[in-house]
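Undergrad: Attaching a single structure in structure tokens format; questions to follow.
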There are 4 protein chains.
Amino acid sequence: MYPKSFASDNHAGVHPAILEAMAAANHGDSPAYGGDTWTSAFEEKTKETFGPDANGFPVLNGAGANMVGLALMLGRYSAVICADSAHIATHEAGAAERLLGVKLMTVPTEDGKLRPADIKARLGGLGNPHESQPTVVSISQTSELGTTYSPAEIAALADAAHESGLRLHVDGARIANAAAFLECDLKAVTTDAGVDVFSFGGTKNGALAAEAVVVLDPSLAHAVPFLRRQSLQLASKMRFISAQLSALLTDDLWHRNAAHANQMAARLADGLADVPGVSLAYPVQSNAVFATLPHALAEALQQRYLFHFWDESAGTVRWMTAFDTTPEHVDDFLDDLHKAAGA
Amino acid sequence: MYPKSFASDNHAGVHPAILEAMAAANHGDSPAYGGDTWTSAFEEKTKETFGPDANGFPVLNGAGANMVGLALMLGRYSAVICADSAHIATHEAGAAERLLGVKLMTVPTEDGKLRPADIKARLGGLGNPHESQPTVVSISQTSELGTTYSPAEIAALADAAHESGLRLHVDGARIANAAAFLECDLKAVTTDAGVDVFSFGGTKNGALAAEAVVVLDPSLAHAVPFLRRQSLQLASKMRFISAQLSALLTDDLWHRNAAHANQMAARLADGLADVPGVSLAYPVQSNAVFATLPHALAEALQQRYLFHFWDESAGTVRWMTAFDTTPEHVDDFLDDLHKAAGA
Amino acid sequence: MYPKSFASDNHAGVHPAILEAMAAANHGDSPAYGGDTWTSAFEEKTKETFGPDANGFPVLNGAGANMVGLALMLGRYSAVICADSAHIATHEAGAAERLLGVKLMTVPTEDGKLRPADIKARLGGLGNPHESQPTVVSISQTSELGTTYSPAEIAALADAAHESGLRLHVDGARIANAAAFLECDLKAVTTDAGVDVFSFGGTKNGALAAEAVVVLDPSLAHAVPFLRRQSLQLASKMRFISAQLSALLTDDLWHRNAAHANQMAARLADGLADVPGVSLAYPVQSNAVFATLPHALAEALQQRYLFHFWDESAGTVRWMTAFDTTPEHVDDFLDDLHKAAGA
Amino acid sequence: MYPKSFASDNHAGVHPAILEAMAAANHGDSPAYGGDTWTSAFEEKTKETFGPDANGFPVLNGAGANMVGLALMLGRYSAVICADSAHIATHEAGAAERLLGVKLMTVPTEDGKLRPADIKARLGGLGNPHESQPTVVSISQTSELGTTYSPAEIAALADAAHESGLRLHVDGARIANAAAFLECDLKAVTTDAGVDVFSFGGTKNGALAAEAVVVLDPSLAHAVPFLRRQSLQLASKMRFISAQLSALLTDDLWHRNAAHANQMAARLADGLADVPGVSLAYPVQSNAVFATLPHALAEALQQRYLFHFWDESAGTVRWMTAFDTTPEHVDDFLDDLHKAAGA
């Protein structure tokens, strides 16, 4: 058995309450493809969480949630403005280009976050038939660098997008971590901030495999069932996906899991402060710690722990915590880091 | 709670052994995206089952398995020859056309099954730059009409395809039911029959959500990881998919589930024989019973049971059985059918 | 030099008036991409010909006109209902599937022509997320079998389409031949019949390379410049395309060319009547003569003349006439046919 | 009539020798789609010009040549490394993303030109299934900033690409201007430098509408006819395209036109040297002059002359010359510039 992985929140297993919810859903027959009571219950919880105009659609993974959600807002000659570190731009194997046929207008950023001025600066080609037409701004919450947009920052992006006729999409694979860090509810960083469509991530927050496309502008919801089916994101026995999502939205499990993971990341960051040669690369605002350290030190630690270089030439690594990371895991890791750094 | 559904094998829940295997996989951390021991175990079982050249890749659903498998064998101007009833042609929301960009050369059939002559008849445009170029023949095993190809029939199709430089793909969403009906092992209808790539279906046979792309020609396997990721079919916590597939391939669970479902379909078909006005539309060779009956009778039965018209104008319905259909379920259904028909 | 070809109206050269118009356009500089006065003049002629709501957009070839025109009316999960002989389904190398990502719901026909009942019969999946959603009916005028839709027939198709929320598209590669045969103007078979978008063909009617997408519903016109550019159909020196189209619409050149070609086809058909073993396969309603004749006879004639089998197994050939086919060409051909048949 | 445009070499008309060649091709019937003697002649001239392994395929426009040429070298999860100013990335309306489904890995450059190190720096994701896989490097010759790659520079890029298993593509919309500037023949910057596939541009160099895909690696040529047809780039009356291309390759017309245009650009650049507030933005190495000047001055000149800002915020404009730009045109323009600058 491996020691605790710090490579990814995807390396963790499934929270017991979620496995239990899945087992409880294994009860006789029920209609396939979402015509079941577990999916209805999730739909209801979506409205309770995100407001009466929100429609939630369970899907199978995060890239799927992003592709279905974006497709709702794209025509045949559209572009999406996003950070150059965006998951859709870097780690979804070109799905955006091939499945959506869209141009990603990528923006260099310091901290993984877009600003309103980044949007304005990319609208020069609007109306020019030689250029892809931006129709969506997509941000990641948290960003791929572990940073978090405040509600006000999202609202400013939504305003900038909407003023020019664009929509705002959020890749919320770790939206729970963001809300927990911001000490707000999920609605504050979505519905209340003017988001149009977002991906609600469950898998990185203790689910087995469960994400949802949440559509906040009801005029866009009609197309989801067709796009979800065509995009290979329709679960036939959907009740087992919906049950996971409902479990996350019950008794604030989403918040408990995310807040705990964030605390473990903060504990890790705090413990790094006095290790010589190690510094934080970005502010720690979620369950990710990006650190810069000597290669030899990183490699010594990799002998024992799973984690990856984020930018090998810069000497930056990413350490992730999860719902099941314990203080002991962190402290052991820090001990080993101190020892290796001292050697 | 619903009475037993006869609408789809997707309406059934999950076999207990499969849920247990998933729970057992929830044990500490493990690498994501297939770098885990459960996935290695499934890869090994794939080779045991289908031969040493077979490579199995877990994916999330049946349409996904089909799209990834077909993509391996298609260029930019390719066509796929398939029955006009093929799932890829009728019920995957145009994924083949949109995600693969492929033309489906659909062939009318009497019983859902292609014949070698159907292939030859569609090769007239080979080499003509004005026409899509067929590079793949795709069959469904079982067919969408519940019929089954024998190993010899598949081998004849493989020969016909290969002679003209085409590949043979099998949509095996219900391949277990086919093998169980044919009283052969899975290898007999795949590797031994000359199939190049097939979808190995688990979900309709008692899994929660688990299918695999199985590549029998090793020269095609290299591209799967890229295509699976891009096609939104990569599970991050893959161990939970692999564990399901391995469970199906352990102690012949695949066969027990499928053979049972087939027996229940046979029992249902037998019981129909003396119901006035009801006749079988196709031979019963799996877990599907297609029957033709008066609309009023079908609708009376639909008051109590979930099932769909297959062809409303022809008065044909499809009744499916599953791993968990019991003789009592069938007998109750037949009782109700007799009563309704007698009224 | 070849004798007159009967293989295709594409084998003919360019009408002198059209070459002259192109040469006349070679006069100093002018803005590229349609910002020139020749294009403005064509746009004006489009409105004169097809009514004030018509917008005409020059493109480079017929498949391009079809793809741009169809794209205006298709979403991501759309289907097009068309004859199984439709050019978009058979001879555009899968462009519809690959560039548009669309499913073609092909309809077998007796004479190349769709009927309203064909539309209704393919709407069963509307609203079902497992199926591609038909949003367009596309017909060819003339059909690929040389037959012609009357204005009333088109209007009936437009009504059937519009009643179900679909649009009517016309592949008018030979729309001039159709209108000339029907003895009506171009508006009668387009605007007045309820067509939404059509391809206006010039190349087969004496142009060098000139087609247009004509949009009759102004709400659809906005997207054309973007789609034309993206679909590789934008001519930089557009004046030379527009000049051709305007020449066709000047002094009824379109009608003179098409009517003449039709007359030559009629002359050819008349001359066949008494050739033993030769019969018409379809009514002659344009510049195409489809004949069934013994293989040996066809092959004897192919020694001297260029033409193709349409359906080799049925012994059907297609003979096309063009704007520059002369009575002598036809009579020589008939002489040779008589001689070969008599031998 | 407009004064001479400095906005684009697309604003020029057609060289008389090219119009004459087109008229000469209008001689009786000939097979369509390239089965004619004019196309054979062009194919032969391609081999004479670029070597016996070169295969040339006429197409309709530059974006079409690029898309067909690139498609030859791309799979379903491929990326193209190119400059962020590349025409395929900026001015083809997202055709690369939508028609090819490809990710463009764009590289910031100082002068529009890629360097070998830019290639190496983008290969970090090779083999990683989460990332698009670069298979092609595409450069523009001349670059979009008017700069020119020497034969040695191209060879270095070809080596860097080939060492990592990538191909080298050249968008040669203005390749004639590059060769003329370099005082070499066309083969020196293509075949001899290790290019795999390139677009041979005619339209900007005096043709009406004529480009070609030239394939230097014969193993790639097989697919062109299919891709050309599907990509809407097949001219039915191809003889009129081929005749233009052959005319350019006859008596060095390509060189005469390009060298003249380059000389006019050099004359313009020379004349700018003493205008206060006006400076060259990039070295003048073709028929493009990029200059930085005060907005008010640019706008004053735009009252009389057609040209565009390239980068409005930087105050950079692009002035293009063409085969038919005369010394008087340039001198008049310079006079007006001096006057406006003096005011």
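Residues in the structure tokens are numbered from 1 in each chain, the chains being A, B, ... in the order shown, and ligands are numbered from 1 in the order shown.
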Would you mind listing, for every residue of chain B within 7 Å of chain A, the two atoms forming the shortest contact and the distance between them in Å to one decimal, using only C-alpha atoms, sorted by chain and ascending residue number, as a tab-separated table?

TA:
```
residue	atom	partner	partner_atom	distance
B:Tyr2	CA	A:Asp29	CA	6.7
B:Lys4	CA	A:Asp29	CA	6.3
B:Ser5	CA	A:Asp29	CA	6.4
B:Asn10	CA	A:Ala32	CA	5.9
B:His11	CA	A:Ser30	CA	5.1
B:Ala12	CA	A:Asp29	CA	4.7
B:Gly13	CA	A:Asn26	CA	5.3
B:Val14	CA	A:Asn26	CA	6.2
B:Asn26	CA	A:Gly13	CA	5.3
B:His27	CA	A:Gly13	CA	6.7
B:Gly28	CA	A:Gly13	CA	6.1
B:Asp29	CA	A:Ala12	CA	4.7
B:Ser30	CA	A:His11	CA	5.1
B:Pro31	CA	A:His11	CA	5.2
B:Ala32	CA	A:His11	CA	5.4
B:Asn61	CA	A:Ala235	CA	6.8
B:Ala63	CA	A:Leu232	CA	6.1
B:Gly64	CA	A:Leu232	CA	5.4
B:Glu92	CA	A:Gln230	CA	6.1
B:Ala93	CA	A:Gln230	CA	4.9
B:Gly94	CA	A:Gln230	CA	6.2
B:Ala95	CA	A:Gln230	CA	4.8
B:Leu99	CA	A:Leu99	CA	5.9
B:Leu208	CA	A:Lys237	CA	6.7
B:Phe226	CA	A:Ala93	CA	6.8
B:Arg229	CA	A:Ala93	CA	6.2
B:Gln230	CA	A:Ala95	CA	4.9
B:Ser231	CA	A:Ala95	CA	6.8
B:Leu232	CA	A:Gly64	CA	5.4
B:Ala235	CA	A:Asn61	CA	6.8
B:Ser236	CA	A:Asn10	CA	6.2
B:Lys237	CA	A:Asn10	CA	6.2
```

Undergrad: Write out as number ranges by chain all residues of region 21-270 of chain C that backbone DSSP assigns to strand (DSSP E or B).

TA: C: 55-59, 78-83, 103-107, 133-140, 167-172, 197-201, 211-215

Undergrad: How would the residues just picked look written out with N, CA, C and O atoms as a compact mmCIF listing (two decimals), in the first residue's frame?

TA:
```txt
# COMPACT_ATOMS: atom_id res chain seq x y z
N ASN C 55 -30.83 37.47 -49.66
CA ASN C 55 -29.42 37.87 -49.56
C ASN C 55 -28.56 36.81 -50.22
O ASN C 55 -28.64 35.63 -49.85
N GLY C 56 -27.76 37.25 -51.18
CA GLY C 56 -26.93 36.32 -51.94
C GLY C 56 -25.47 36.44 -51.57
O GLY C 56 -24.95 37.56 -51.44
N PHE C 57 -24.80 35.31 -51.41
CA PHE C 57 -23.40 35.28 -50.99
C PHE C 57 -22.60 34.40 -51.94
O PHE C 57 -22.77 33.19 -51.94
N PRO C 58 -21.73 34.98 -52.74
CA PRO C 58 -20.95 34.17 -53.69
C PRO C 58 -20.03 33.19 -52.96
O PRO C 58 -19.39 33.55 -51.95
N VAL C 59 -19.97 31.99 -53.49
CA VAL C 59 -19.03 30.99 -52.97
C VAL C 59 -18.35 30.29 -54.15
O VAL C 59 -18.61 30.61 -55.31
N SER C 78 -28.21 17.92 -34.86
CA SER C 78 -29.24 18.01 -35.88
C SER C 78 -29.12 16.91 -36.92
O SER C 78 -28.06 16.32 -37.11
N ALA C 79 -30.23 16.67 -37.59
CA ALA C 79 -30.27 15.79 -38.75
C ALA C 79 -30.89 16.53 -39.92
O ALA C 79 -31.67 17.46 -39.73
N VAL C 80 -30.53 16.08 -41.11
CA VAL C 80 -31.11 16.60 -42.35
C VAL C 80 -31.85 15.45 -43.03
O VAL C 80 -31.28 14.36 -43.21
N ILE C 81 -33.09 15.67 -43.37
CA ILE C 81 -33.85 14.68 -44.12
C ILE C 81 -33.63 14.94 -45.61
O ILE C 81 -33.84 16.07 -46.07
N CYS C 82 -33.19 13.93 -46.33
CA CYS C 82 -32.93 14.11 -47.75
C CYS C 82 -33.09 12.78 -48.48
O CYS C 82 -33.14 11.73 -47.86
N ALA C 83 -33.18 12.85 -49.80
CA ALA C 83 -33.24 11.63 -50.61
C ALA C 83 -31.93 10.87 -50.49
O ALA C 83 -30.87 11.46 -50.34
N LYS C 103 -26.22 14.23 -39.04
CA LYS C 103 -26.72 12.95 -39.53
C LYS C 103 -27.65 13.22 -40.71
O LYS C 103 -28.54 14.06 -40.64
N LEU C 104 -27.40 12.51 -41.80
CA LEU C 104 -28.30 12.58 -42.94
C LEU C 104 -29.32 11.44 -42.82
O LEU C 104 -28.94 10.28 -42.83
N MET C 105 -30.57 11.82 -42.68
CA MET C 105 -31.63 10.81 -42.64
C MET C 105 -32.09 10.61 -44.08
O MET C 105 -32.91 11.38 -44.59
N THR C 106 -31.54 9.58 -44.71
CA THR C 106 -31.77 9.42 -46.14
C THR C 106 -33.03 8.60 -46.40
O THR C 106 -33.32 7.63 -45.71
N VAL C 107 -33.73 9.01 -47.44
CA VAL C 107 -35.03 8.45 -47.77
C VAL C 107 -34.93 7.80 -49.15
O VAL C 107 -34.55 8.47 -50.11
N GLN C 133 -31.77 15.17 -34.08
CA GLN C 133 -33.02 15.90 -34.24
C GLN C 133 -33.10 16.54 -35.63
O GLN C 133 -32.32 17.45 -35.93
N PRO C 134 -34.03 16.12 -36.47
CA PRO C 134 -34.13 16.74 -37.79
C PRO C 134 -34.53 18.21 -37.68
O PRO C 134 -35.50 18.55 -37.00
N THR C 135 -33.74 19.07 -38.32
CA THR C 135 -34.08 20.49 -38.34
C THR C 135 -34.17 21.03 -39.77
O THR C 135 -34.61 22.16 -39.95
N VAL C 136 -33.75 20.24 -40.74
CA VAL C 136 -33.75 20.71 -42.12
C VAL C 136 -34.20 19.58 -43.04
O VAL C 136 -33.83 18.42 -42.85
N VAL C 137 -35.00 19.94 -44.04
CA VAL C 137 -35.27 19.07 -45.18
C VAL C 137 -34.49 19.64 -46.35
O VAL C 137 -34.58 20.83 -46.62
N SER C 138 -33.71 18.80 -47.00
CA SER C 138 -32.93 19.28 -48.14
C SER C 138 -33.33 18.51 -49.39
O SER C 138 -33.33 17.28 -49.40
N ILE C 139 -33.70 19.25 -50.42
CA ILE C 139 -34.02 18.62 -51.70
C ILE C 139 -33.07 19.16 -52.77
O ILE C 139 -32.46 20.21 -52.60
N SER C 140 -32.95 18.41 -53.85
CA SER C 140 -32.14 18.86 -54.98
C SER C 140 -33.08 19.21 -56.12
O SER C 140 -33.96 18.43 -56.47
N ARG C 167 -36.72 23.52 -41.49
CA ARG C 167 -36.47 24.46 -42.58
C ARG C 167 -36.36 23.70 -43.90
O ARG C 167 -36.03 22.51 -43.90
N LEU C 168 -36.57 24.40 -45.00
CA LEU C 168 -36.40 23.78 -46.32
C LEU C 168 -35.19 24.36 -47.03
O LEU C 168 -35.11 25.57 -47.27
N HIS C 169 -34.27 23.47 -47.38
CA HIS C 169 -33.06 23.83 -48.12
C HIS C 169 -33.14 23.20 -49.50
O HIS C 169 -33.63 22.08 -49.65
N VAL C 170 -32.64 23.92 -50.49
CA VAL C 170 -32.60 23.40 -51.86
C VAL C 170 -31.17 23.44 -52.38
O VAL C 170 -30.53 24.50 -52.37
N ASP C 171 -30.69 22.29 -52.79
CA ASP C 171 -29.43 22.22 -53.53
C ASP C 171 -29.78 22.54 -54.98
O ASP C 171 -30.28 21.69 -55.71
N GLY C 172 -29.51 23.79 -55.35
CA GLY C 172 -29.93 24.24 -56.68
C GLY C 172 -28.78 24.27 -57.67
O GLY C 172 -28.67 25.21 -58.46
N VAL C 197 -33.44 28.53 -47.61
CA VAL C 197 -32.06 28.77 -48.07
C VAL C 197 -31.83 27.86 -49.27
O VAL C 197 -32.28 26.71 -49.27
N PHE C 198 -31.12 28.38 -50.28
CA PHE C 198 -30.79 27.48 -51.38
C PHE C 198 -29.42 27.81 -51.96
O PHE C 198 -28.88 28.88 -51.76
N SER C 199 -28.89 26.81 -52.65
CA SER C 199 -27.65 26.97 -53.41
C SER C 199 -28.03 27.35 -54.83
O SER C 199 -28.81 26.63 -55.48
N PHE C 200 -27.51 28.45 -55.30
CA PHE C 200 -27.77 28.89 -56.67
C PHE C 200 -26.57 28.51 -57.52
O PHE C 200 -25.47 29.04 -57.34
N GLY C 201 -26.79 27.58 -58.44
CA GLY C 201 -25.69 27.05 -59.20
C GLY C 201 -25.41 27.81 -60.47
O GLY C 201 -26.32 28.08 -61.25
N GLU C 211 -20.98 29.91 -57.61
CA GLU C 211 -22.22 29.48 -56.99
C GLU C 211 -22.55 30.54 -55.95
O GLU C 211 -21.72 31.40 -55.62
N ALA C 212 -23.74 30.47 -55.43
CA ALA C 212 -24.09 31.40 -54.35
C ALA C 212 -24.97 30.69 -53.34
O ALA C 212 -25.74 29.80 -53.68
N VAL C 213 -24.78 31.09 -52.09
CA VAL C 213 -25.74 30.74 -51.05
C VAL C 213 -26.76 31.87 -51.03
O VAL C 213 -26.38 33.03 -50.84
N VAL C 214 -28.02 31.53 -51.26
CA VAL C 214 -29.05 32.55 -51.20
C VAL C 214 -29.95 32.26 -50.00
O VAL C 214 -30.51 31.18 -49.86
N VAL C 215 -30.02 33.27 -49.14
CA VAL C 215 -30.76 33.14 -47.88
C VAL C 215 -32.05 33.95 -48.01
O VAL C 215 -32.01 35.16 -48.21
```

Undergrad: Within 10 Å of Ile154 (chain B), counting only C-alpha atoms, which residues qualify if same-chain residues fewer than 4 places away don't, as a list of chain:residue names?

TA: B:Leu114, B:Arg115, B:Pro116, B:Ile139, B:Gln141, B:Thr148, B:Tyr149, B:Ser150, B:Ala158, B:Asp159, B:Ala160, B:Leu168, B:Val170, B:Ala188, B:Val189, B:Thr190, B:Asp192, B:Ala193, B:Gly194, B:Val195

Undergrad: Pick out the residues sitting within 12 Å of region 264-270 of chain D, and hand them over as a ChimeraX atom specification; count only C-alpha atoms, and ignore anything fewer than 6 positions along from it in its own chain.

TA: /D:6,9,146,177,181,257-258,278-292,318-335,337

Undergrad: Would you mind reading off the distance between CA of Thr191 (chain B) and CA of Pro151 (chain B), one decimal, in Å?

TA: 10.0 Å

Undergrad: Find, counting only C-alpha atoms, the residue in A:Ala178, A:Ala117, A:Ala17, A:Leu126 that gets nearest to Leu253 (chain A).

TA: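 Ranked by minimum distance to Leu253 (chain A), first place goes to A:Ala17.
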
Undergrad: As an exercise, work out the distance from CA of Gly69 (chain D) to CA of Thr250 (chain D) in Å and give it to one decimal place.

TA: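 Result for CA of Gly69 (chain D) versus CA of Thr250 (chain D): 24.1 Å, one decimal.
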
Undergrad: Could you state the separation of CA of Leu220 (chain A) and CA of Ala221 (chain C) in Å, given to one decimal place?

TA: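 So the two atoms, CA of Leu220 (chain A) and CA of Ala221 (chain C), lie 22.6 Å apart.
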
Undergrad: Using only C-alpha atoms, determine which residues lie at most 9 Å from Ala180 (chain C), disregarding the query and same-chain residues fewer than 3 positions distant; provide the list as a compact mmCIF listing (two decimals) with all heavy atoms, in the first residue's frame.

TA:
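The resulting around28.txt:
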```txt
# COMPACT_ATOMS: atom_id res chain seq x y z
N ILE C 175 -30.72 24.49 -60.61
CA ILE C 175 -32.03 25.12 -60.42
C ILE C 175 -32.46 25.87 -61.68
O ILE C 175 -33.65 25.99 -61.97
CB ILE C 175 -32.01 26.04 -59.18
CG1 ILE C 175 -33.44 26.31 -58.72
CG2 ILE C 175 -31.21 27.30 -59.42
CD1 ILE C 175 -33.52 26.96 -57.35
N ALA C 176 -31.48 26.33 -62.44
CA ALA C 176 -31.82 27.03 -63.68
C ALA C 176 -32.48 26.06 -64.66
O ALA C 176 -33.47 26.41 -65.33
CB ALA C 176 -30.57 27.65 -64.30
N ASN C 177 -31.97 24.85 -64.74
CA ASN C 177 -32.59 23.86 -65.63
C ASN C 177 -34.00 23.55 -65.18
O ASN C 177 -34.90 23.34 -66.00
CB ASN C 177 -31.75 22.58 -65.66
CG ASN C 177 -30.35 22.83 -66.19
OD1 ASN C 177 -29.43 23.04 -65.42
ND2 ASN C 177 -30.20 22.86 -67.52
N GLU C 183 -40.90 26.39 -67.03
CA GLU C 183 -41.30 27.65 -67.67
C GLU C 183 -41.76 28.67 -66.63
O GLU C 183 -42.79 29.33 -66.79
CB GLU C 183 -42.39 27.38 -68.73
CG GLU C 183 -41.86 26.43 -69.80
CD GLU C 183 -42.83 26.22 -70.96
OE1 GLU C 183 -44.01 26.60 -70.80
OE2 GLU C 183 -42.41 25.67 -72.00
N CYS C 184 -40.98 28.77 -65.61
CA CYS C 184 -41.27 29.78 -64.59
C CYS C 184 -39.99 30.53 -64.28
O CYS C 184 -38.92 30.18 -64.77
CB CYS C 184 -41.82 29.14 -63.32
SG CYS C 184 -40.65 28.10 -62.43
N ASP C 185 -40.11 31.58 -63.49
CA ASP C 185 -38.88 32.28 -63.12
C ASP C 185 -38.27 31.63 -61.88
O ASP C 185 -38.86 30.72 -61.28
CB ASP C 185 -39.12 33.79 -62.94
CG ASP C 185 -40.12 34.09 -61.84
OD1 ASP C 185 -40.36 33.22 -60.97
OD2 ASP C 185 -40.67 35.21 -61.85
N LEU C 186 -37.08 32.08 -61.52
CA LEU C 186 -36.36 31.46 -60.41
C LEU C 186 -37.06 31.70 -59.08
O LEU C 186 -36.99 30.88 -58.16
CB LEU C 186 -34.92 31.99 -60.34
CG LEU C 186 -34.02 31.56 -61.51
CD1 LEU C 186 -32.75 32.42 -61.55
CD2 LEU C 186 -33.66 30.08 -61.39
N TRP C 254 -28.99 32.96 -67.64
CA TRP C 254 -29.25 31.70 -66.93
C TRP C 254 -30.32 30.90 -67.66
O TRP C 254 -30.21 29.68 -67.77
CB TRP C 254 -29.68 31.97 -65.47
CG TRP C 254 -31.05 32.58 -65.32
CD1 TRP C 254 -31.34 33.91 -65.25
CD2 TRP C 254 -32.29 31.88 -65.26
NE1 TRP C 254 -32.69 34.10 -65.14
CE2 TRP C 254 -33.30 32.86 -65.14
CE3 TRP C 254 -32.67 30.53 -65.30
CZ2 TRP C 254 -34.67 32.55 -65.06
CZ3 TRP C 254 -34.02 30.22 -65.22
CH2 TRP C 254 -35.01 31.21 -65.10
N HIS C 255 -31.36 31.60 -68.14
CA HIS C 255 -32.48 30.89 -68.76
C HIS C 255 -32.11 30.41 -70.14
O HIS C 255 -32.42 29.28 -70.53
CB HIS C 255 -33.70 31.81 -68.82
CG HIS C 255 -34.92 31.11 -69.32
ND1 HIS C 255 -35.23 31.03 -70.67
CD2 HIS C 255 -35.88 30.40 -68.68
CE1 HIS C 255 -36.34 30.33 -70.82
NE2 HIS C 255 -36.76 29.94 -69.63
N ARG C 256 -31.44 31.23 -70.86
CA ARG C 256 -31.07 30.83 -72.23
C ARG C 256 -30.17 29.59 -72.20
O ARG C 256 -30.40 28.63 -72.93
CB ARG C 256 -30.37 32.00 -72.95
CG ARG C 256 -31.36 33.10 -73.35
CD ARG C 256 -30.65 34.24 -74.08
NE ARG C 256 -29.92 35.11 -73.17
CZ ARG C 256 -28.69 35.55 -73.35
NH1 ARG C 256 -28.01 35.20 -74.44
NH2 ARG C 256 -28.11 36.35 -72.46
N ALA C 258 -29.85 27.35 -69.80
CA ALA C 258 -30.51 26.17 -69.24
C ALA C 258 -31.57 25.64 -70.21
O ALA C 258 -31.69 24.42 -70.43
CB ALA C 258 -31.14 26.52 -67.90
N ALA C 259 -32.32 26.54 -70.80
CA ALA C 259 -33.38 26.10 -71.71
C ALA C 259 -32.75 25.39 -72.91
O ALA C 259 -33.27 24.36 -73.39
CB ALA C 259 -34.22 27.30 -72.16
N HIS C 260 -31.65 25.91 -73.37
CA HIS C 260 -30.99 25.25 -74.50
C HIS C 260 -30.51 23.85 -74.12
O HIS C 260 -30.73 22.88 -74.86
CB HIS C 260 -29.81 26.09 -75.00
CG HIS C 260 -29.04 25.39 -76.07
ND1 HIS C 260 -29.48 25.36 -77.39
CD2 HIS C 260 -27.91 24.64 -76.02
CE1 HIS C 260 -28.63 24.63 -78.10
NE2 HIS C 260 -27.67 24.17 -77.29
N ASN C 262 -31.68 21.97 -71.85
CA ASN C 262 -32.87 21.11 -71.70
C ASN C 262 -33.37 20.65 -73.06
O ASN C 262 -33.77 19.49 -73.24
CB ASN C 262 -34.00 21.88 -71.00
CG ASN C 262 -33.71 22.14 -69.52
OD1 ASN C 262 -32.70 21.67 -68.99
ND2 ASN C 262 -34.59 22.89 -68.87
N SER C 286 -35.10 17.92 -67.54
CA SER C 286 -34.02 18.91 -67.40
C SER C 286 -32.98 18.63 -68.47
O SER C 286 -33.33 18.28 -69.61
CB SER C 286 -33.41 18.85 -66.00
OG SER C 286 -32.89 17.56 -65.75
```

Undergrad: Could you go through region 45-276 of chain B and tell me which residues DSSP, when run on the backbone, assigns to alpha helix (DSSP H), listing them as a PyMOL selection string?

TA: chain B and resi 45-50+62-71+87-90+95+116-120+151-163+175-182+224-230+239-248+253-272

Undergrad: Which residues are near region 41-49 of chain B? Cut-off 6 Å, only C-alpha atoms, ignore same chain within fewer than 3 positions. Put them as a PyMOL selection string.

TA: chain B and resi 38+52+54+56+242+246

Undergrad: Taking only C-alpha atoms into account, name the residue in D:Pro129, D:Pro108, D:Gly35, D:Gly51 that is nearest to Tyr77 (chain D).

TA: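 Comparing D:Pro129, D:Pro108, D:Gly35, D:Gly51 against Tyr77 (chain D), the winner is D:Pro129.
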
Undergrad: Asp53 (chain B): which residues within 8 Å, counting only C-alpha atoms, same-chain residues fewer than 3 positions away excluded, as a list of chain:residue names?

TA: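 The neighbour list is B:Lys47, B:Phe50, B:Leu216, B:Asp217, B:Pro218.
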